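coords-v8.cif follows; it contains mmCIF, C-alpha atoms and all ligand atoms.
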data_structure
#
loop_
_atom_site.label_atom_id
_atom_site.label_comp_id
_atom_site.auth_asym_id
_atom_site.auth_seq_id
_atom_site.Cartn_x
_atom_site.Cartn_y
_atom_site.Cartn_z
CA MET A 1 91.00 15.67 2.10
CA SER A 2 91.47 16.63 5.72
CA THR A 3 89.38 14.87 8.32
CA VAL A 4 89.63 17.58 10.96
CA ASP A 5 86.56 18.07 13.15
CA TRP A 6 86.43 21.88 12.93
CA SER A 7 84.13 22.20 15.93
CA LYS A 8 86.65 20.48 18.24
CA LEU A 9 89.74 22.54 17.36
CA SER A 10 91.68 24.21 20.17
CA PHE A 11 94.86 26.30 20.06
CA GLY A 12 97.04 23.22 19.69
CA TYR A 13 99.13 21.66 16.96
CA ILE A 14 97.67 19.51 14.22
CA LYS A 15 99.88 18.12 11.50
CA THR A 16 99.24 19.57 8.06
CA ASP A 17 100.65 18.40 4.71
CA TYR A 18 103.59 20.72 4.06
CA ASN A 19 105.94 23.22 5.65
CA ILE A 20 108.06 25.63 3.63
CA ARG A 21 111.80 26.04 4.29
CA SER A 22 114.73 28.14 3.19
CA HIS A 23 118.33 27.99 4.39
CA TYR A 24 120.81 30.83 4.69
CA ARG A 25 124.35 29.92 3.70
CA ASP A 26 127.26 31.92 2.28
CA GLY A 27 125.23 35.10 2.62
CA LYS A 28 122.26 33.87 0.54
CA TRP A 29 118.79 32.40 1.15
CA SER A 30 118.04 29.22 -0.79
CA GLU A 31 115.00 28.83 -3.05
CA PRO A 32 112.09 27.89 -0.71
CA GLU A 33 111.11 24.24 -0.71
CA ALA A 34 107.99 22.45 0.51
CA GLU A 35 108.67 19.58 2.90
CA THR A 36 106.45 16.96 4.46
CA SER A 37 108.67 16.13 7.46
CA GLU A 38 107.79 17.83 10.75
CA TYR A 39 111.36 17.44 11.99
CA ILE A 40 114.58 19.44 11.69
CA ASN A 41 117.97 17.82 11.39
CA LEU A 42 119.99 20.05 13.70
CA HIS A 43 123.59 20.05 14.93
CA MET A 44 123.79 19.79 18.73
CA ALA A 45 126.12 22.83 18.81
CA ALA A 46 123.68 25.06 16.83
CA THR A 47 123.48 28.58 18.28
CA THR A 48 119.71 28.37 18.66
CA LEU A 49 120.08 25.61 21.26
CA HIS A 50 122.72 27.31 23.39
CA TYR A 51 122.41 31.03 22.91
CA GLY A 52 118.76 31.37 22.00
CA GLN A 53 119.08 32.65 18.44
CA GLU A 54 115.42 32.09 17.61
CA VAL A 55 112.79 34.50 16.33
CA PHE A 56 109.22 33.79 15.31
CA GLU A 57 106.00 35.30 14.01
CA GLY A 58 102.31 34.50 14.25
CA LEU A 59 99.57 35.41 11.79
CA LYS A 60 96.34 33.92 10.50
CA ALA A 61 94.41 33.04 7.35
CA PHE A 62 90.61 33.10 7.34
CA ARG A 63 88.04 31.58 5.01
CA GLY A 64 85.25 33.99 4.08
CA LYS A 65 81.58 33.43 3.30
CA ASP A 66 82.64 33.55 -0.36
CA GLY A 67 84.97 30.59 0.22
CA LYS A 68 88.06 32.74 -0.42
CA VAL A 69 91.04 32.58 1.92
CA ARG A 70 92.36 35.86 3.33
CA ILE A 71 95.69 36.44 5.08
CA PHE A 72 95.77 39.34 7.53
CA ARG A 73 98.57 41.95 7.34
CA MET A 74 101.44 39.62 6.39
CA HIS A 75 103.52 42.57 5.19
CA GLU A 76 103.62 43.84 8.78
CA ASN A 77 104.75 40.43 10.05
CA ALA A 78 107.51 40.37 7.42
CA LEU A 79 108.81 43.74 8.63
CA ARG A 80 108.57 42.76 12.29
CA LEU A 81 110.49 39.54 11.64
CA GLN A 82 113.28 41.62 10.09
CA SER A 83 113.32 43.88 13.14
CA SER A 84 113.51 40.84 15.46
CA CYS A 85 116.38 39.43 13.38
CA ARG A 86 118.31 42.68 13.66
CA GLY A 87 117.59 42.66 17.40
CA ILE A 88 119.46 39.42 18.02
CA LYS A 89 121.96 39.53 15.15
CA MET A 90 120.35 37.03 12.81
CA ALA A 91 120.23 37.12 9.01
CA GLU A 92 117.26 39.14 7.69
CA LEU A 93 114.79 37.53 5.34
CA PRO A 94 113.65 39.72 2.41
CA VAL A 95 110.01 40.87 2.76
CA GLU A 96 109.03 39.49 -0.68
CA MET A 97 110.41 36.10 0.24
CA PHE A 98 108.48 36.05 3.51
CA GLU A 99 105.24 36.90 1.68
CA LYS A 100 105.85 34.35 -1.05
CA MET A 101 106.54 31.62 1.50
CA VAL A 102 103.44 32.47 3.58
CA LEU A 103 101.30 32.22 0.44
CA GLN A 104 102.95 28.94 -0.50
CA ALA A 105 102.37 27.51 3.00
CA VAL A 106 98.68 28.46 2.92
CA LYS A 107 98.07 27.27 -0.66
CA LYS A 108 99.76 23.93 -0.15
CA ASN A 109 97.60 23.29 2.93
CA GLU A 110 94.46 25.01 1.73
CA HIS A 111 92.07 22.24 2.79
CA PHE A 112 93.17 22.89 6.39
CA VAL A 113 91.73 26.41 6.32
CA PRO A 114 88.54 25.95 8.40
CA PRO A 115 85.14 26.85 6.91
CA TYR A 116 83.69 30.31 7.59
CA GLU A 117 80.89 29.04 9.82
CA SER A 118 83.27 27.33 12.26
CA GLY A 119 84.77 30.62 13.51
CA ALA A 120 88.12 28.82 13.34
CA SER A 121 91.16 29.89 11.29
CA LEU A 122 94.53 28.73 10.01
CA TYR A 123 97.38 29.80 12.27
CA ILE A 124 100.63 30.53 10.42
CA ARG A 125 103.88 30.17 12.37
CA PRO A 126 107.11 31.39 10.73
CA LEU A 127 110.31 30.79 12.71
CA MET A 128 114.02 31.25 12.21
CA ILE A 129 116.90 29.57 14.04
CA GLY A 130 120.68 29.90 14.04
CA THR A 131 122.12 26.58 12.88
CA SER A 132 125.93 26.98 12.78
CA ALA A 133 127.82 24.60 15.05
CA GLN A 134 129.87 26.75 17.38
CA VAL A 135 130.62 27.00 21.07
CA GLY A 136 131.87 30.59 21.22
CA VAL A 137 129.26 33.26 21.93
CA LYS A 138 128.81 34.93 18.59
CA PRO A 139 126.10 35.09 15.94
CA SER A 140 125.57 32.06 13.73
CA VAL A 141 126.61 32.32 10.07
CA GLU A 142 123.89 29.89 8.90
CA TYR A 143 120.13 30.02 9.49
CA THR A 144 117.02 28.02 8.75
CA PHE A 145 113.68 29.70 8.18
CA ILE A 146 110.51 27.57 8.30
CA ILE A 147 106.81 28.31 7.96
CA PHE A 148 104.30 25.78 9.18
CA VAL A 149 100.55 26.15 9.52
CA THR A 150 97.99 24.54 11.81
CA PRO A 151 94.23 25.03 12.09
CA VAL A 152 93.10 26.60 15.37
CA GLY A 153 89.66 26.87 16.94
CA PRO A 154 87.85 30.08 17.84
CA TYR A 155 89.55 31.58 20.92
CA PHE A 156 86.27 32.25 22.69
CA LYS A 157 84.48 28.91 22.75
CA ALA A 158 82.14 30.07 25.51
CA GLY A 159 81.57 33.48 23.91
CA PHE A 160 83.47 36.76 24.13
CA LYS A 161 83.89 36.98 27.92
CA PRO A 162 86.15 39.04 30.21
CA THR A 163 88.71 37.21 32.39
CA PRO A 164 90.72 38.33 35.45
CA MET A 165 94.45 39.22 35.20
CA VAL A 166 97.10 39.72 37.83
CA ILE A 167 100.10 41.92 38.59
CA LEU A 168 102.94 39.84 40.09
CA ARG A 169 105.54 42.39 41.14
CA GLU A 170 108.25 39.79 41.77
CA TYR A 171 108.64 39.04 38.02
CA ASP A 172 109.68 40.97 34.91
CA ARG A 173 109.18 39.84 31.33
CA ALA A 174 111.68 42.10 29.58
CA ALA A 175 114.15 44.84 30.50
CA PRO A 176 113.66 48.44 29.32
CA LEU A 177 116.66 48.25 26.98
CA GLY A 178 116.48 44.48 26.46
CA THR A 179 114.72 42.33 23.87
CA GLY A 180 111.07 43.01 24.77
CA THR A 181 110.40 44.71 21.42
CA TYR A 182 111.53 41.63 19.49
CA LYS A 183 109.52 38.45 18.99
CA VAL A 184 112.14 36.06 20.35
CA GLY A 185 111.61 32.73 22.09
CA GLY A 186 113.76 33.86 25.02
CA ASN A 187 111.15 36.41 26.10
CA TYR A 188 108.62 33.61 26.37
CA ALA A 189 110.97 31.42 28.40
CA ALA A 190 111.38 34.38 30.75
CA SER A 191 107.60 34.63 31.20
CA LEU A 192 106.74 30.99 31.88
CA VAL A 193 107.19 30.93 35.68
CA ALA A 194 105.00 33.99 36.23
CA GLY A 195 102.47 32.78 33.63
CA GLU A 196 102.04 29.37 35.22
CA LYS A 197 101.78 30.92 38.66
CA ALA A 198 99.00 33.22 37.42
CA HIS A 199 97.13 30.26 35.88
CA GLU A 200 97.38 28.28 39.10
CA MET A 201 95.88 31.25 40.92
CA GLY A 202 92.95 31.34 38.49
CA TYR A 203 94.06 34.27 36.32
CA SER A 204 94.22 34.19 32.52
CA ALA A 205 97.45 36.23 32.25
CA VAL A 206 100.05 38.35 34.01
CA LEU A 207 99.90 42.10 33.53
CA TYR A 208 103.51 43.28 33.66
CA LEU A 209 104.58 46.65 35.02
CA ASP A 210 107.63 48.43 33.60
CA ALA A 211 110.70 46.65 34.93
CA LYS A 212 112.61 49.75 36.02
CA GLU A 213 110.17 51.74 38.15
CA LYS A 214 107.27 49.30 38.55
CA LYS A 215 104.96 52.27 38.01
CA TYR A 216 103.67 51.97 34.47
CA ILE A 217 101.63 49.34 32.62
CA ASP A 218 103.71 47.34 30.14
CA GLU A 219 101.93 44.36 28.54
CA CYS A 220 99.76 41.33 29.31
CA GLY A 221 102.06 38.34 28.90
CA PRO A 222 101.92 37.61 25.17
CA ALA A 223 99.48 40.40 24.32
CA ASN A 224 99.38 44.23 24.35
CA PHE A 225 97.26 46.18 26.83
CA PHE A 226 94.66 48.80 25.89
CA ALA A 227 91.94 50.66 27.76
CA ILE A 228 88.98 52.89 27.01
CA LYS A 229 87.93 56.04 28.84
CA ASP A 230 86.22 59.30 27.81
CA ASN A 231 85.85 58.12 24.24
CA THR A 232 89.62 57.51 24.04
CA TYR A 233 91.60 54.37 23.16
CA ILE A 234 94.72 54.34 25.35
CA THR A 235 97.66 51.97 25.00
CA PRO A 236 101.07 52.04 26.72
CA LYS A 237 104.21 53.47 25.19
CA SER A 238 107.28 51.68 26.48
CA THR A 239 110.66 50.40 25.27
CA SER A 240 109.94 46.81 26.34
CA ILE A 241 106.63 46.13 24.56
CA LEU A 242 106.32 43.97 21.46
CA PRO A 243 104.65 46.10 18.78
CA SER A 244 101.39 44.18 18.26
CA ILE A 245 99.91 44.30 14.75
CA THR A 246 96.46 43.72 16.28
CA ASN A 247 96.95 46.78 18.51
CA LYS A 248 98.09 48.85 15.53
CA SER A 249 94.95 47.77 13.64
CA LEU A 250 92.65 48.50 16.61
CA MET A 251 94.14 51.99 16.95
CA GLN A 252 93.18 52.66 13.32
CA LEU A 253 89.66 51.26 13.78
CA ALA A 254 89.19 53.22 17.01
CA GLU A 255 90.11 56.42 15.19
CA ASP A 256 87.61 55.58 12.44
CA MET A 257 84.91 55.12 15.08
CA GLY A 258 85.56 58.65 16.26
CA LEU A 259 87.63 57.77 19.33
CA LYS A 260 90.78 59.65 20.24
CA VAL A 261 93.86 57.45 20.31
CA GLU A 262 96.65 57.91 22.85
CA ARG A 263 99.89 55.96 23.04
CA ARG A 264 101.67 57.06 26.19
CA PRO A 265 102.97 55.83 29.54
CA ILE A 266 100.06 54.63 31.71
CA PRO A 267 100.68 54.87 35.47
CA GLU A 268 99.11 52.00 37.41
CA GLU A 269 96.82 54.37 39.39
CA GLU A 270 95.12 55.33 36.14
CA LEU A 271 93.64 51.81 35.96
CA GLU A 272 91.01 53.06 38.42
CA THR A 273 89.68 55.51 35.85
CA PHE A 274 89.27 53.14 32.88
CA GLU A 275 85.81 52.16 31.68
CA GLU A 276 87.05 49.13 29.71
CA ALA A 277 90.35 47.28 29.46
CA GLY A 278 91.60 44.45 27.30
CA ALA A 279 94.55 42.49 25.99
CA CYS A 280 95.04 42.25 22.22
CA GLY A 281 96.92 39.96 19.87
CA THR A 282 96.51 37.61 16.90
CA ALA A 283 95.27 34.65 18.97
CA ALA A 284 92.14 36.30 20.41
CA VAL A 285 92.02 39.74 18.70
CA ILE A 286 90.75 41.12 22.05
CA SER A 287 90.56 39.42 25.47
CA PRO A 288 88.46 41.75 27.60
CA ILE A 289 89.73 42.13 31.18
CA LEU A 290 87.27 41.53 34.00
CA ARG A 291 89.50 42.75 36.83
CA ILE A 292 93.18 43.31 37.57
CA ASP A 293 94.49 42.33 41.01
CA ASP A 294 97.76 43.86 42.22
CA ILE A 295 98.28 41.16 44.82
CA SER A 296 101.20 42.41 46.89
CA GLU A 297 99.68 45.92 47.07
CA ASN A 298 96.24 44.58 47.97
CA LYS A 299 94.61 46.50 45.15
CA SER A 300 91.95 45.48 42.70
CA TYR A 301 90.69 47.31 39.60
CA VAL A 302 87.35 46.21 38.18
CA PHE A 303 86.41 46.83 34.52
CA SER A 304 83.29 44.74 34.16
CA LYS A 305 80.66 44.64 36.86
CA ASP A 306 78.25 42.34 35.03
CA GLY A 307 80.84 39.93 33.57
CA GLU A 308 80.21 41.23 30.05
CA PRO A 309 82.67 43.00 27.74
CA GLY A 310 82.39 46.77 27.35
CA PRO A 311 80.56 48.15 24.29
CA ILE A 312 83.62 49.68 22.62
CA SER A 313 85.77 46.55 23.05
CA LEU A 314 82.94 44.51 21.55
CA LYS A 315 82.56 46.88 18.62
CA LEU A 316 86.32 46.90 17.91
CA TYR A 317 86.44 43.10 18.14
CA ASN A 318 83.53 42.65 15.72
CA GLN A 319 84.91 45.22 13.31
CA LEU A 320 88.38 43.65 13.10
CA ARG A 321 86.99 40.12 12.74
CA ALA A 322 84.66 41.32 9.98
CA ILE A 323 87.64 42.64 8.00
CA GLN A 324 89.60 39.41 8.58
CA TYR A 325 86.76 37.18 7.37
CA GLY A 326 85.91 39.47 4.45
CA ASP A 327 82.48 40.50 5.80
CA GLU A 328 83.56 44.14 5.83
CA SER A 329 85.42 45.94 3.04
CA ASP A 330 89.20 46.01 3.35
CA LYS A 331 89.69 49.73 2.96
CA TYR A 332 93.29 49.78 4.21
CA GLY A 333 94.59 46.89 2.10
CA TRP A 334 95.24 44.75 5.18
CA VAL A 335 94.09 41.55 3.55
CA THR A 336 95.80 39.38 0.93
CA ILE A 337 93.41 37.06 -0.91
CA VAL A 338 94.95 33.69 -1.74
CA GLU A 339 94.34 33.17 -5.46
C1 LIG A 401 103.10 38.37 19.35
C2 LIG A 401 103.00 39.20 20.58
C3 LIG A 401 101.97 40.15 20.77
C4 LIG A 401 100.82 40.31 19.81
O1 LIG A 401 101.19 40.74 18.53
P1 LIG A 401 100.18 40.55 17.33
O2 LIG A 401 100.96 41.01 16.14
O3 LIG A 401 99.02 41.41 17.59
O4 LIG A 401 99.83 39.11 17.27
C5 LIG A 401 102.00 40.92 21.93
N1 LIG A 401 102.97 40.77 22.85
C6 LIG A 401 103.95 39.88 22.71
C7 LIG A 401 104.98 39.76 23.76
C8 LIG A 401 104.01 39.06 21.57
O5 LIG A 401 105.00 38.17 21.44
#
Can you give me the file's structure in the form of structure tokens?
Ligand SMILES: *Cc1c(COP(=O)(O)O)cnc(C)c1O
Amino acid sequence: MSTVDWSKLSFGYIKTDYNIRSHYRDGKWSEPEAETSEYINLHMAATTLHYGQEVFEGLKAFRGKDGKVRIFRMHENALRLQSSCRGIKMAELPVEMFEKMVLQAVKKNEHFVPPYESGASLYIRPLMIGTSAQVGVKPSVEYTFIIFVTPVGPYFKAGFKPTPMVILREYDRAAPLGTGTYKVGGNYAASLVAGEKAHEMGYSAVLYLDAKEKKYIDECGPANFFAIKDNTYITPKSTSILPSITNKSLMQLAEDMGLKVERRPIPEEELETFEEAGACGTAAVISPILRIDDISENKSYVFSKDGEPGPISLKLYNQLRAIQYGDESDKYGWVTIVE
């Protein structure tokens, strides 16, 4: 049995029993195998190391009050992984294989799925790398796909509280016709300098503007942006945003709550008119935004005067979590129960 202290979990890495792997060679994926080693035996000339052929995913499994384990929207992650693979010329993994391997990874490590009461969950990290040894700049012909899992603590240890974010105009995360819409490691490398700078300045994340005109809201580091005004859920439309599955789910829930949903370019000035704003993604579901400072322009936009999240953000957060933990019925078929 695992000896994890569920109450002390953070968003780190804890070794679990097995990871699941498949290798792509001669145009075919191998039968997935469970491994206990945490290491990869990799050629030093592998394309992933030199030319960044790496894509990944992130999803979660939750244990319900009934003790059952539920995986949230893995079909969507399978499709997005394929899109990322096409985006940087990697071999695509069949959707059924992705789903089968996720289930295998969760089942084989089931005692690492935290109990319902802990508010923690099992984070699932699929990744693919190009492994062919080559020095010329061209796509690899061989790939390795791995899924590992690790238990993670509740994101909001001190409660669901808004945090400040910052616009740093001297940095871009992704170009308008670049790889921003794909979940590739390279985008994260490109965001580390700005991200660390923001943390040093006391902000939780960087809010990026569109790279071309610096006029429109793009995304919040590793999360999508949304805002609420006049009973409307508004989220940016842009060619450099990663399509968040959390955002897609929140748009559906917002509609069900009777809100209008708009996906369109959001000019920075419009920030002044928003009643609530937040970042959304698998890690936190929603991180409410306290305030956004546009430092070089000397502007500040405040979304929470009392330091509390807005009522609609709170309702959306509770509703999505309830579906994930099985407290609310799964009317869209978002959840896969691990049998
Ligand atoms: C993964 C990711 C998100 C969030 O996507 P979810 O599917 O909601 O977890 C948002 N932005 C970026 C850049 C990401 O990599």
Interatomic distance between CA of Lys65 in chain A and CA of Ala78 in chain A?
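One can read the CA of Lys65 in chain A to CA of Ala78 in chain A distance as 27.2 Å.
Residues in contact with range 135-144 of chain A at up to 8 Å, not including ones fewer than 6 positions away on its chain and judged by all atoms listed in the file, are Arg21, Ser22, His23, Tyr24, Arg25, Asp26, Ala45, Ala46, Thr47, Tyr51, Gln53, Lys89, Met90, Ala91, Met128 and Ile129 of chain A.
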Tell me which protein, DNA and RNA residues are within 9 Å of Glu96 in chain A, counting all atoms listed in the file, leaving out same-chain ones fewer than 3 positions away, and put them as a PyMOL selection string.
chain A and resi 75+78+93+99-101
For Gly281 in chain A, which of A:Ile40, A:Ala190, A:Ala174, A:Cys220 is the closest residue, counting all atoms listed in the file?
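So, comparing all the options, the nearest one is A:Cys220.
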At a cut-off of 6 Å and counting only C-alpha atoms and all ligand atoms, what residues surround ligand LIG 401 (chain A)? Please answer as a ChimeraX atom specification.
/A:183,222-224,242,244-247,281-282
Find the residue from A:Glu117, A:Pro151, A:Arg321, A:Ile146 that sits nearest to Ser37 in chain A; use all atoms listed in the file when measuring.
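The shortest atom-to-atom distance to Ser37 in chain A comes from A:Ile146.
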Tell me, as a PyMOL selection string, which residues lie within 12 Å of Pro243 in chain A, counting all atoms listed in the file; anything in the same chain fewer than 2 positions away does not count.
chain A and resi 57+76-77+79-81+83-84+179-183+218-219+222-225+235-241+245-249+263+280-282
Once you have the residues from the selection above, write them out as a short mmCIF file (atom, residue, chain, number, x, y, z; two decimals), in the coordinates of the input, restricted to C-alpha atoms.
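Writing done, so here's out-v4.cif:
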data_model
loop_
_atom_site.label_atom_id
_atom_site.label_comp_id
_atom_site.auth_asym_id
_atom_site.auth_seq_id
_atom_site.Cartn_x
_atom_site.Cartn_y
_atom_site.Cartn_z
CA GLU A 57 106.00 35.30 14.01
CA GLU A 76 103.62 43.84 8.78
CA ASN A 77 104.75 40.43 10.05
CA LEU A 79 108.81 43.74 8.63
CA ARG A 80 108.57 42.76 12.29
CA LEU A 81 110.49 39.54 11.64
CA SER A 83 113.32 43.88 13.14
CA SER A 84 113.51 40.84 15.46
CA THR A 179 114.72 42.33 23.87
CA GLY A 180 111.07 43.01 24.77
CA THR A 181 110.40 44.71 21.42
CA TYR A 182 111.53 41.63 19.49
CA LYS A 183 109.52 38.45 18.99
CA ASP A 218 103.71 47.34 30.14
CA GLU A 219 101.93 44.36 28.54
CA PRO A 222 101.92 37.61 25.17
CA ALA A 223 99.48 40.40 24.32
CA ASN A 224 99.38 44.23 24.35
CA PHE A 225 97.26 46.18 26.83
CA THR A 235 97.66 51.97 25.00
CA PRO A 236 101.07 52.04 26.72
CA LYS A 237 104.21 53.47 25.19
CA SER A 238 107.28 51.68 26.48
CA THR A 239 110.66 50.40 25.27
CA SER A 240 109.94 46.81 26.34
CA ILE A 241 106.63 46.13 24.56
CA ILE A 245 99.91 44.30 14.75
CA THR A 246 96.46 43.72 16.28
CA ASN A 247 96.95 46.78 18.51
CA LYS A 248 98.09 48.85 15.53
CA SER A 249 94.95 47.77 13.64
CA ARG A 263 99.89 55.96 23.04
CA CYS A 280 95.04 42.25 22.22
CA GLY A 281 96.92 39.96 19.87
CA THR A 282 96.51 37.61 16.90
#
Rank A:Val152, A:Lys157, A:Tyr208, A:Ala194 by their smallest atom-to-atom distance to Ala175 in chain A, using only C-alpha atoms, and report the top residue only.
A:Tyr208
Return the single residue from A:Arg173, A:Gly258, A:Trp6, A:Val95 that is closest to Gly186 in chain A, with distances computed using only C-alpha atoms.
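Answer, going by the shortest atom-to-atom distance: A:Arg173.
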Pick out the closest residue to Leu192 in chain A from this set: A:Phe303, A:Tyr116, A:Phe160, A:Tyr171. Count only C-alpha atoms.
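That would be A:Tyr171, the residue with the smallest distance to Leu192 in chain A.
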Among the residues A:Glu328, A:Thr163, A:Asn187, A:Pro267, the one that comes closest to Leu209 in chain A [using all atoms listed in the file]
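Counting all atoms listed in the file, the residue closest to Leu209 in chain A is A:Pro267.
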Would you list the contacts of Leu122 in chain A as a count of residues only, taking every protein, DNA or RNA residue within 9 Å and counting all atoms listed in the file, but skipping same-chain residues closer than 5 positions in sequence?
14
Atomic separation - CA of Pro94 in chain A relative to CA of Val184 in chain A, Å:
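We find that CA of Val184 in chain A and CA of Pro94 in chain A lie 18.4 Å from each other.
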One number please: CA of Glu272 in chain A to CA of Val302 in chain A, in Å, one decimal.
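CA of Val302 in chain A lies 7.8 Å from CA of Glu272 in chain A.
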Which residues come within 7 Å of Ser204 in chain A, counting all atoms listed in the file, excluding same-chain residues fewer than 2 positions away, as a VMD selection string?
chain A and resid 163 to 165 198 to 199 202
Once you count only C-alpha atoms, which residues end up no further than 9 Å from (87.7, 36.5, 8.6) in the file's frame, shown as a ChimeraX atom specification?
/A:61-65,69-72,116,119,121,320-327
Would you kindly place N, CA, C and O atoms on range 78-95 of chain A and return the model as an mmCIF file, in the frame of the given file?
data_model
loop_
_atom_site.group_PDB
_atom_site.id
_atom_site.type_symbol
_atom_site.label_atom_id
_atom_site.label_comp_id
_atom_site.auth_asym_id
_atom_site.auth_seq_id
_atom_site.Cartn_x
_atom_site.Cartn_y
_atom_site.Cartn_z
ATOM 1 N N ALA A 78 106.223 40.479 8.112
ATOM 2 C CA ALA A 78 107.510 40.370 7.420
ATOM 3 C C ALA A 78 108.479 41.426 7.960
ATOM 4 O O ALA A 78 109.648 41.138 8.245
ATOM 5 N N LEU A 79 107.968 42.650 8.129
ATOM 6 C CA LEU A 79 108.810 43.740 8.630
ATOM 7 C C LEU A 79 109.216 43.506 10.084
ATOM 8 O O LEU A 79 110.354 43.757 10.476
ATOM 9 N N ARG A 80 108.264 42.994 10.878
ATOM 10 C CA ARG A 80 108.570 42.760 12.290
ATOM 11 C C ARG A 80 109.585 41.640 12.444
ATOM 12 O O ARG A 80 110.464 41.696 13.312
ATOM 13 N N LEU A 81 109.498 40.618 11.586
ATOM 14 C CA LEU A 81 110.490 39.540 11.640
ATOM 15 C C LEU A 81 111.887 40.117 11.364
ATOM 16 O O LEU A 81 112.851 39.767 12.045
ATOM 17 N N GLN A 82 111.974 41.010 10.398
ATOM 18 C CA GLN A 82 113.280 41.620 10.090
ATOM 19 C C GLN A 82 113.806 42.391 11.303
ATOM 20 O O GLN A 82 114.990 42.303 11.631
ATOM 21 N N SER A 83 112.907 43.125 11.957
ATOM 22 C CA SER A 83 113.320 43.880 13.140
ATOM 23 C C SER A 83 113.815 42.932 14.244
ATOM 24 O O SER A 83 114.841 43.184 14.880
ATOM 25 N N SER A 84 113.092 41.820 14.447
ATOM 26 C CA SER A 84 113.510 40.840 15.460
ATOM 27 C C SER A 84 114.880 40.263 15.104
ATOM 28 O O SER A 84 115.734 40.078 15.980
ATOM 29 N N CYS A 85 115.098 39.975 13.822
ATOM 30 C CA CYS A 85 116.380 39.430 13.380
ATOM 31 C C CYS A 85 117.516 40.403 13.668
ATOM 32 O O CYS A 85 118.567 40.023 14.176
ATOM 33 N N ARG A 86 117.277 41.672 13.364
ATOM 34 C CA ARG A 86 118.310 42.680 13.660
ATOM 35 C C ARG A 86 118.571 42.745 15.155
ATOM 36 O O ARG A 86 119.698 42.927 15.597
ATOM 37 N N GLY A 87 117.501 42.554 15.946
ATOM 38 C CA GLY A 87 117.590 42.660 17.400
ATOM 39 C C GLY A 87 118.469 41.622 18.049
ATOM 40 O O GLY A 87 119.021 41.859 19.127
ATOM 41 N N ILE A 88 118.573 40.431 17.444
ATOM 42 C CA ILE A 88 119.460 39.420 18.020
ATOM 43 C C ILE A 88 120.459 38.884 16.981
ATOM 44 O O ILE A 88 120.860 37.730 17.034
ATOM 45 N N LYS A 89 120.846 39.788 16.074
ATOM 46 C CA LYS A 89 121.960 39.530 15.150
ATOM 47 C C LYS A 89 121.796 38.281 14.288
ATOM 48 O O LYS A 89 122.716 37.470 14.159
ATOM 49 N N MET A 90 120.587 38.143 13.726
ATOM 50 C CA MET A 90 120.350 37.030 12.810
ATOM 51 C C MET A 90 120.237 37.573 11.380
ATOM 52 O O MET A 90 120.019 38.776 11.186
ATOM 53 N N ALA A 91 120.346 36.694 10.407
ATOM 54 C CA ALA A 91 120.230 37.120 9.010
ATOM 55 C C ALA A 91 118.793 37.571 8.747
ATOM 56 O O ALA A 91 117.848 36.942 9.220
ATOM 57 N N GLU A 92 118.610 38.674 8.000
ATOM 58 C CA GLU A 92 117.260 39.140 7.690
ATOM 59 C C GLU A 92 116.723 38.435 6.443
ATOM 60 O O GLU A 92 117.459 38.206 5.501
ATOM 61 N N LEU A 93 115.445 38.139 6.491
ATOM 62 C CA LEU A 93 114.790 37.530 5.340
ATOM 63 C C LEU A 93 114.109 38.641 4.532
ATOM 64 O O LEU A 93 113.393 39.455 5.109
ATOM 65 N N PRO A 94 114.315 38.679 3.206
ATOM 66 C CA PRO A 94 113.650 39.720 2.410
ATOM 67 C C PRO A 94 112.115 39.634 2.552
ATOM 68 O O PRO A 94 111.559 38.532 2.623
ATOM 69 N N VAL A 95 111.461 40.792 2.583
ATOM 70 C CA VAL A 95 110.010 40.870 2.760
ATOM 71 C C VAL A 95 109.269 40.058 1.683
ATOM 72 O O VAL A 95 108.340 39.304 1.979
#
